[in-house]
Amino acid sequence: MSFCVVGAGFSGAVIARHLAERGHKVTLLDERPHIGGNCYTERDAETGVMVHRYGPHIFHTADQRVWDYVRRFGTFHPYINRVKAVSGGHVYSLPVNLLTINQFFGTVMGPKEAREFIEAKADRSITEPRSFEEQALSMIGPELYRAFFYGYTRKQWGLEPTELPASILRRLPLRFNYDDNYFSHPYQGMPEEGYTAIIRNILDVDGISIRTSCSFENIEEDFTHIFYTGPIDRYFKFRLGRLGYRTLDFERFTDDGDHQGTAVINYCDEQVPFTRISEHKHFAPWEQHKFSKTVCFREYSRLAEQEDVPYYPIRQVNEKRMLDSYIELARQQKGV
């Protein structure tokens with residue numbers, strides 16, 4: 001059987017290997033000039049730092065099978081994502097935890113006191129939050145919401161938080177201890193040689209033909225089955241309309257030594273035009289001492305236009321209806 005896999009990121013690579021190991025012929029396509037998808041990493045030519053070209057990625061999972069699988073293809077070093085945030089001229093710890101609460105309110109509370117304090121701040125009249133703003137107010141109250149989420153969310157999504165679904169915030173933790181690990185999964189790490197090397201090793205098996213700089217729309221061969229990992233509206237040539245996405249612009253700059261002292265700092269104030277700065281040598285602490293210079297990226301979020309990379313899907317009510325209609329179309333397809 002012959003298969004076509006569209007997209008050479010993690011999903012496409014794992015699917016392609018699984019099929020090839022079972023004796024099938026696989027054509028793997030990606031319209032970019034490289035494999036790796038949004039996880040693509042490469043050495044920065046000026047500084048030598050391993051750069052996440054499409055923004056930072058930290059590998060984290062609760063599934064031991066997944067963790068064991070990726071480590072077959074390269075060494076992963078332990079890595080904890082400890083995000084900092086600048087708000088109102090001060091630096092805080094994220095996600096919101098006991099240190100953040102005590103820093104922000106100028107208090108020295110323990111877990112029980114802090115929980116009662118935040119519960120008193122939270123709007124308990126909101127029993128079923130329908131929007132991002134209602135979710136925030138019902139969780140943490142107005143002060144923390146305004147300081148860390150309101151301005152940042154408007155920059156990131158280009159919308160009022162009242163227009164965004166509650167689910168966007170619901171997945172973020174609120175902790176009443178000093179745990180500043182951004183993720184709660186038991187398996188977290190960074191690949192020693194970057195993500196591109198991991199995906200290259202996954203694809204190192206007989207039976208896979210890789211075509212980069214090649215769009216699915218330009219393929220004329222017939223395949224037994226197609227695995228498509230691109231945007232669903234594009235697959236159907238936007239016949240029901242275009243789904244909304246946010247995209248990112250990255251502003252690169254270098255510095256001598258260490259620029260900000262950590263991998264990621266969020267800028268929560270709305271008057272600061274970018275959402276965060278990432279300093280990439282901090283994503284590889286086992287080798288950062290080797291580099292005399294450092295490379296950083298400011299991230300700017302905006303509405304994705306036709307030729308842009310679609311990073312974050314916008315899930316407003318009308319968007320959800322359109323997506324559901326596309327999903328219904330997808331269910332009617334054969335061989336995809």
# chains A, B, ... in the order shown; residues from 1 in each chain; ligands from 1

call {"tool": "select_by_dssp", "arguments": {"residues": "region 56-191 of chain A", "states": "alpha helix (DSSP H)", "output": "PyMOL selection string"}}
result
chain A and resi 64-70+98-105+111-121+132-145+151-157+167-170

call {"tool": "select_by_dssp", "arguments": {"residues": "region 79-197 of chain A", "states": "strand (DSSP E)", "output": "list of chain:residue names"}}
result
A:Val83, A:Lys84, A:Ala85, A:Val86, A:Ser87, A:His90, A:Val91, A:Tyr92, A:Ser93, A:Leu94, A:Tyr187, A:Gln188, A:Gly189, A:Met190, A:Pro191

call {"tool": "residues_around", "arguments": {"residues": "Phe223 (chain A)", "least_positions_apart": "6", "cutoff": "12 Å", "atoms": "only C-alpha atoms", "output": "PDB file with N, CA, C and O atoms, in the first residue's frame"}}
result
ATOM      1  N   MET A   1       0.842  -1.195   0.000  1.00  0.00           N
ATOM      2  CA  MET A   1       0.000   0.000   0.000  1.00  0.00           C
ATOM      3  C   MET A   1       0.882   1.252   0.000  1.00  0.00           C
ATOM      4  O   MET A   1       1.961   1.256   0.591  1.00  0.00           O
ATOM      5  N   SER A   2       0.426   2.294  -0.661  1.00  0.00           N
ATOM      6  CA  SER A   2       1.178   3.555  -0.708  1.00  0.00           C
ATOM      7  C   SER A   2       0.431   4.622   0.068  1.00  0.00           C
ATOM      8  O   SER A   2      -0.786   4.767  -0.065  1.00  0.00           O
ATOM      9  N   PHE A   3       1.191   5.348   0.878  1.00  0.00           N
ATOM     10  CA  PHE A   3       0.597   6.362   1.732  1.00  0.00           C
ATOM     11  C   PHE A   3       1.258   7.716   1.481  1.00  0.00           C
ATOM     12  O   PHE A   3       2.449   7.799   1.153  1.00  0.00           O
ATOM     13  N   CYS A   4       0.484   8.769   1.669  1.00  0.00           N
ATOM     14  CA  CYS A   4       1.006  10.135   1.641  1.00  0.00           C
ATOM     15  C   CYS A   4       0.759  10.757   3.010  1.00  0.00           C
ATOM     16  O   CYS A   4      -0.368  10.721   3.517  1.00  0.00           O
ATOM     17  N   VAL A   5       1.820  11.285   3.612  1.00  0.00           N
ATOM     18  CA  VAL A   5       1.705  11.988   4.885  1.00  0.00           C
ATOM     19  C   VAL A   5       2.053  13.453   4.630  1.00  0.00           C
ATOM     20  O   VAL A   5       3.144  13.755   4.136  1.00  0.00           O
ATOM     21  N   HIS A  24       5.086  -0.599   4.297  1.00  0.00           N
ATOM     22  CA  HIS A  24       4.391   0.262   3.336  1.00  0.00           C
ATOM     23  C   HIS A  24       5.334   1.324   2.773  1.00  0.00           C
ATOM     24  O   HIS A  24       6.312   1.720   3.414  1.00  0.00           O
ATOM     25  N   LYS A  25       5.015   1.817   1.583  1.00  0.00           N
ATOM     26  CA  LYS A  25       5.732   2.924   0.972  1.00  0.00           C
ATOM     27  C   LYS A  25       5.059   4.231   1.387  1.00  0.00           C
ATOM     28  O   LYS A  25       3.841   4.370   1.256  1.00  0.00           O
ATOM     29  N   VAL A  26       5.873   5.180   1.866  1.00  0.00           N
ATOM     30  CA  VAL A  26       5.336   6.433   2.395  1.00  0.00           C
ATOM     31  C   VAL A  26       6.009   7.611   1.701  1.00  0.00           C
ATOM     32  O   VAL A  26       7.241   7.675   1.624  1.00  0.00           O
ATOM     33  N   THR A  27       5.201   8.539   1.207  1.00  0.00           N
ATOM     34  CA  THR A  27       5.692   9.816   0.708  1.00  0.00           C
ATOM     35  C   THR A  27       5.357  10.876   1.740  1.00  0.00           C
ATOM     36  O   THR A  27       4.177  11.100   2.042  1.00  0.00           O
ATOM     37  N   LEU A  28       6.382  11.500   2.295  1.00  0.00           N
ATOM     38  CA  LEU A  28       6.209  12.520   3.337  1.00  0.00           C
ATOM     39  C   LEU A  28       6.467  13.888   2.715  1.00  0.00           C
ATOM     40  O   LEU A  28       7.543  14.152   2.179  1.00  0.00           O
ATOM     41  N   LYS A 334     -13.269   9.786   2.062  1.00  0.00           N
ATOM     42  CA  LYS A 334     -12.774   8.402   2.027  1.00  0.00           C
ATOM     43  C   LYS A 334     -11.263   8.438   1.771  1.00  0.00           C
ATOM     44  O   LYS A 334     -10.784   9.228   0.958  1.00  0.00           O
ATOM     45  N   GLY A 335     -10.530   7.586   2.474  1.00  0.00           N
ATOM     46  CA  GLY A 335      -9.107   7.458   2.200  1.00  0.00           C
ATOM     47  C   GLY A 335      -8.265   8.602   2.720  1.00  0.00           C
ATOM     48  O   GLY A 335      -7.142   8.815   2.262  1.00  0.00           O
ATOM     49  N   VAL A 336      -8.780   9.364   3.663  1.00  0.00           N
ATOM     50  CA  VAL A 336      -8.038  10.469   4.269  1.00  0.00           C
ATOM     51  C   VAL A 336      -8.178  10.352   5.776  1.00  0.00           C
ATOM     52  O   VAL A 336      -9.310  10.287   6.278  1.00  0.00           O
TER      53      VAL A 336
END

call {"tool": "closest_residue", "arguments": {"among": "A:Arg146, A:Lys290, A:Lys237, A:Lys155", "to": "Ser87 (chain A)", "atoms": "only C-alpha atoms"}}
result
A:Arg146

call {"tool": "residues_around", "arguments": {"residues": "Leu248 (chain A)", "least_positions_apart": "3", "cutoff": "12 Å", "atoms": "only C-alpha atoms", "output": "ChimeraX atom specification"}}
result
/A:38,53-55,155-157,245,251,274-276,297-305,308-312

call {"tool": "write_last_selection", "arguments": {"atoms": "C-alpha atoms", "output": "tab-separated table (two decimals), in the first residue's frame"}}
result
chain	number	residue	atom	x	y	z
A	38	ASN	CA	7.09	24.22	14.05
A	53	ARG	CA	13.15	28.85	14.75
A	54	TYR	CA	9.35	29.00	15.14
A	55	GLY	CA	9.25	29.82	18.84
A	155	LYS	CA	-1.95	41.47	22.59
A	156	GLN	CA	-1.84	37.72	22.02
A	157	TRP	CA	-5.34	37.31	20.59
A	245	TYR	CA	-5.62	32.13	13.23
A	251	GLU	CA	12.36	40.14	16.07
A	274	PHE	CA	5.51	42.45	22.16
A	275	THR	CA	4.21	39.54	24.25
A	276	ARG	CA	7.48	37.99	25.40
A	297	PHE	CA	13.62	36.94	20.01
A	298	ARG	CA	10.81	39.39	20.73
A	299	GLU	CA	7.43	37.93	19.78
A	300	TYR	CA	4.65	39.99	18.24
A	301	SER	CA	1.22	38.45	17.72
A	302	ARG	CA	-1.16	39.49	14.92
A	303	LEU	CA	-4.02	38.16	12.81
A	304	ALA	CA	-2.74	35.64	10.27
A	305	GLU	CA	-3.18	36.63	6.66
A	308	ASP	CA	1.26	33.60	7.06
A	309	VAL	CA	2.03	30.57	9.22
A	310	PRO	CA	-1.16	29.79	11.21
A	311	TYR	CA	-0.02	29.35	14.83
A	312	TYR	CA	-3.02	29.68	17.14

call {"tool": "residues_around", "arguments": {"residues": "Ile118 (chain A)", "least_positions_apart": "4", "cutoff": "12 Å", "atoms": "only C-alpha atoms", "output": "PDB file with C-alpha atoms, in the first residue's frame"}}
result
ATOM      1  CA  VAL A  96       0.409  32.270  39.465  1.00  0.00           C
ATOM      2  CA  ASN A  97       1.662  30.551  42.605  1.00  0.00           C
ATOM      3  CA  LEU A  98       2.264  31.384  46.251  1.00  0.00           C
ATOM      4  CA  THR A 100       3.431  35.454  42.809  1.00  0.00           C
ATOM      5  CA  ILE A 101       0.603  36.148  45.245  1.00  0.00           C
ATOM      6  CA  ASN A 102       2.920  37.230  48.050  1.00  0.00           C
ATOM      7  CA  PHE A 105       0.134  41.840  47.311  1.00  0.00           C
ATOM      8  CA  MET A 109       0.979  34.237  53.522  1.00  0.00           C
ATOM      9  CA  PRO A 111      -0.947  28.162  51.524  1.00  0.00           C
ATOM     10  CA  LYS A 112      -4.157  28.183  53.605  1.00  0.00           C
ATOM     11  CA  GLU A 113      -4.139  31.959  54.094  1.00  0.00           C
ATOM     12  CA  ALA A 114      -3.438  32.564  50.413  1.00  0.00           C
ATOM     13  CA  ALA A 122     -12.728  35.757  43.266  1.00  0.00           C
ATOM     14  CA  ASP A 123     -16.189  36.530  41.911  1.00  0.00           C
ATOM     15  CA  ARG A 124     -18.275  33.643  43.251  1.00  0.00           C
ATOM     16  CA  ALA A 136     -10.256  34.721  35.312  1.00  0.00           C
ATOM     17  CA  LEU A 137     -12.489  36.734  37.622  1.00  0.00           C
ATOM     18  CA  SER A 138     -13.997  33.548  39.081  1.00  0.00           C
ATOM     19  CA  MET A 139     -10.515  32.044  39.645  1.00  0.00           C
ATOM     20  CA  ILE A 140      -8.224  34.852  40.799  1.00  0.00           C
ATOM     21  CA  GLY A 141     -10.201  38.091  41.108  1.00  0.00           C
ATOM     22  CA  PRO A 142      -9.747  41.438  39.343  1.00  0.00           C
ATOM     23  CA  GLU A 143      -6.258  42.500  40.516  1.00  0.00           C
ATOM     24  CA  LEU A 144      -4.281  39.460  39.350  1.00  0.00           C
ATOM     25  CA  TYR A 145      -6.403  39.249  36.201  1.00  0.00           C
ATOM     26  CA  LEU A 174      -3.222  28.290  39.986  1.00  0.00           C
ATOM     27  CA  ARG A 175      -1.006  27.046  42.801  1.00  0.00           C
ATOM     28  CA  PHE A 176      -0.906  27.722  46.512  1.00  0.00           C
TER      29      PHE A 176
END

call {"tool": "atom_distance", "arguments": {"atom1": "CA of Ile219 (chain A)", "atom2": "CA of Cys39 (chain A)"}}
result
24.5 Å

call {"tool": "closest_atom_pairs", "arguments": {"of": "region 1-36 of chain A", "to": "region 192-215 of chain A", "cutoff": "7 Å", "atoms": "only C-alpha atoms", "output": "CSV"}}
result
residue,atom,partner,partner_atom,distance
A:Phe10,CA,A:Ile199,CA,6.6
A:Ala13,CA,A:Leu203,CA,6.1
A:Val14,CA,A:Ile202,CA,6.8
A:Ala16,CA,A:Ile208,CA,6.9
A:Arg17,CA,A:Leu203,CA,6.0
A:Ala20,CA,A:Gly207,CA,5.2
A:His24,CA,A:Gly207,CA,6.6
A:Lys25,CA,A:Gly207,CA,5.0
A:Val26,CA,A:Ile208,CA,4.8
A:Thr27,CA,A:Ser209,CA,4.8
A:Leu28,CA,A:Ile210,CA,4.8
A:Leu29,CA,A:Arg211,CA,4.9
A:Asp30,CA,A:Thr212,CA,4.8
A:Glu31,CA,A:Ser213,CA,4.2
A:Arg32,CA,A:Ser213,CA,4.9
A:Pro33,CA,A:Ser213,CA,4.6
A:His34,CA,A:Thr212,CA,5.9
A:Ile35,CA,A:Thr196,CA,7.0
A:Gly36,CA,A:Thr196,CA,5.3

call {"tool": "write_last_selection", "arguments": {"atoms": "N, CA and C atoms", "output": "short mmCIF file (atom, residue, chain, number, x, y, z; two decimals), in the first residue's frame"}}
result
data_model
loop_
_atom_site.label_atom_id
_atom_site.label_comp_id
_atom_site.auth_asym_id
_atom_site.auth_seq_id
_atom_site.Cartn_x
_atom_site.Cartn_y
_atom_site.Cartn_z
N PHE A 10 6.29 16.41 14.20
CA PHE A 10 6.27 15.19 15.02
C PHE A 10 5.18 14.22 14.59
N ALA A 13 5.96 12.61 11.18
CA ALA A 13 7.13 11.73 11.24
C ALA A 13 6.79 10.40 11.92
N VAL A 14 6.06 10.46 13.03
CA VAL A 14 5.72 9.22 13.75
C VAL A 14 4.79 8.34 12.91
N ALA A 16 4.59 8.33 9.61
CA ALA A 16 5.38 7.80 8.48
C ALA A 16 6.23 6.62 8.92
N ARG A 17 6.89 6.72 10.05
CA ARG A 17 7.74 5.62 10.53
C ARG A 17 6.89 4.38 10.84
N ALA A 20 6.03 2.74 7.56
CA ALA A 20 7.20 2.19 6.87
C ALA A 20 7.71 0.93 7.55
N HIS A 24 5.09 -0.60 4.30
CA HIS A 24 4.39 0.26 3.34
C HIS A 24 5.33 1.32 2.77
N LYS A 25 5.02 1.82 1.58
CA LYS A 25 5.73 2.92 0.97
C LYS A 25 5.06 4.23 1.39
N VAL A 26 5.87 5.18 1.87
CA VAL A 26 5.34 6.43 2.40
C VAL A 26 6.01 7.61 1.70
N THR A 27 5.20 8.54 1.21
CA THR A 27 5.69 9.82 0.71
C THR A 27 5.36 10.88 1.74
N LEU A 28 6.38 11.50 2.30
CA LEU A 28 6.21 12.52 3.34
C LEU A 28 6.47 13.89 2.72
N LEU A 29 5.48 14.77 2.81
CA LEU A 29 5.56 16.09 2.19
C LEU A 29 5.64 17.18 3.24
N ASP A 30 6.37 18.24 2.91
CA ASP A 30 6.30 19.47 3.69
C ASP A 30 6.62 20.65 2.78
N GLU A 31 5.79 21.68 2.83
CA GLU A 31 6.02 22.82 1.93
C GLU A 31 7.19 23.70 2.37
N ARG A 32 7.64 23.54 3.61
CA ARG A 32 8.85 24.24 4.03
C ARG A 32 10.09 23.53 3.47
N PRO A 33 11.22 24.20 3.47
CA PRO A 33 12.43 23.57 2.91
C PRO A 33 13.13 22.63 3.88
N HIS A 34 12.47 22.24 4.95
CA HIS A 34 13.09 21.39 5.98
C HIS A 34 12.04 20.54 6.65
N ILE A 35 12.48 19.50 7.34
CA ILE A 35 11.60 18.70 8.19
C ILE A 35 11.51 19.38 9.56
N GLY A 36 10.60 18.89 10.41
CA GLY A 36 10.55 19.36 11.79
C GLY A 36 9.33 20.20 12.13
#

call {"tool": "atom_distance", "arguments": {"atom1": "CA of Ser167 (chain A)", "atom2": "CA of Ser131 (chain A)"}}
result
8.0 Å

call {"tool": "atom_distance", "arguments": {"atom1": "CA of Val86 (chain A)", "atom2": "CA of Glu270 (chain A)"}}
result
11.1 Å
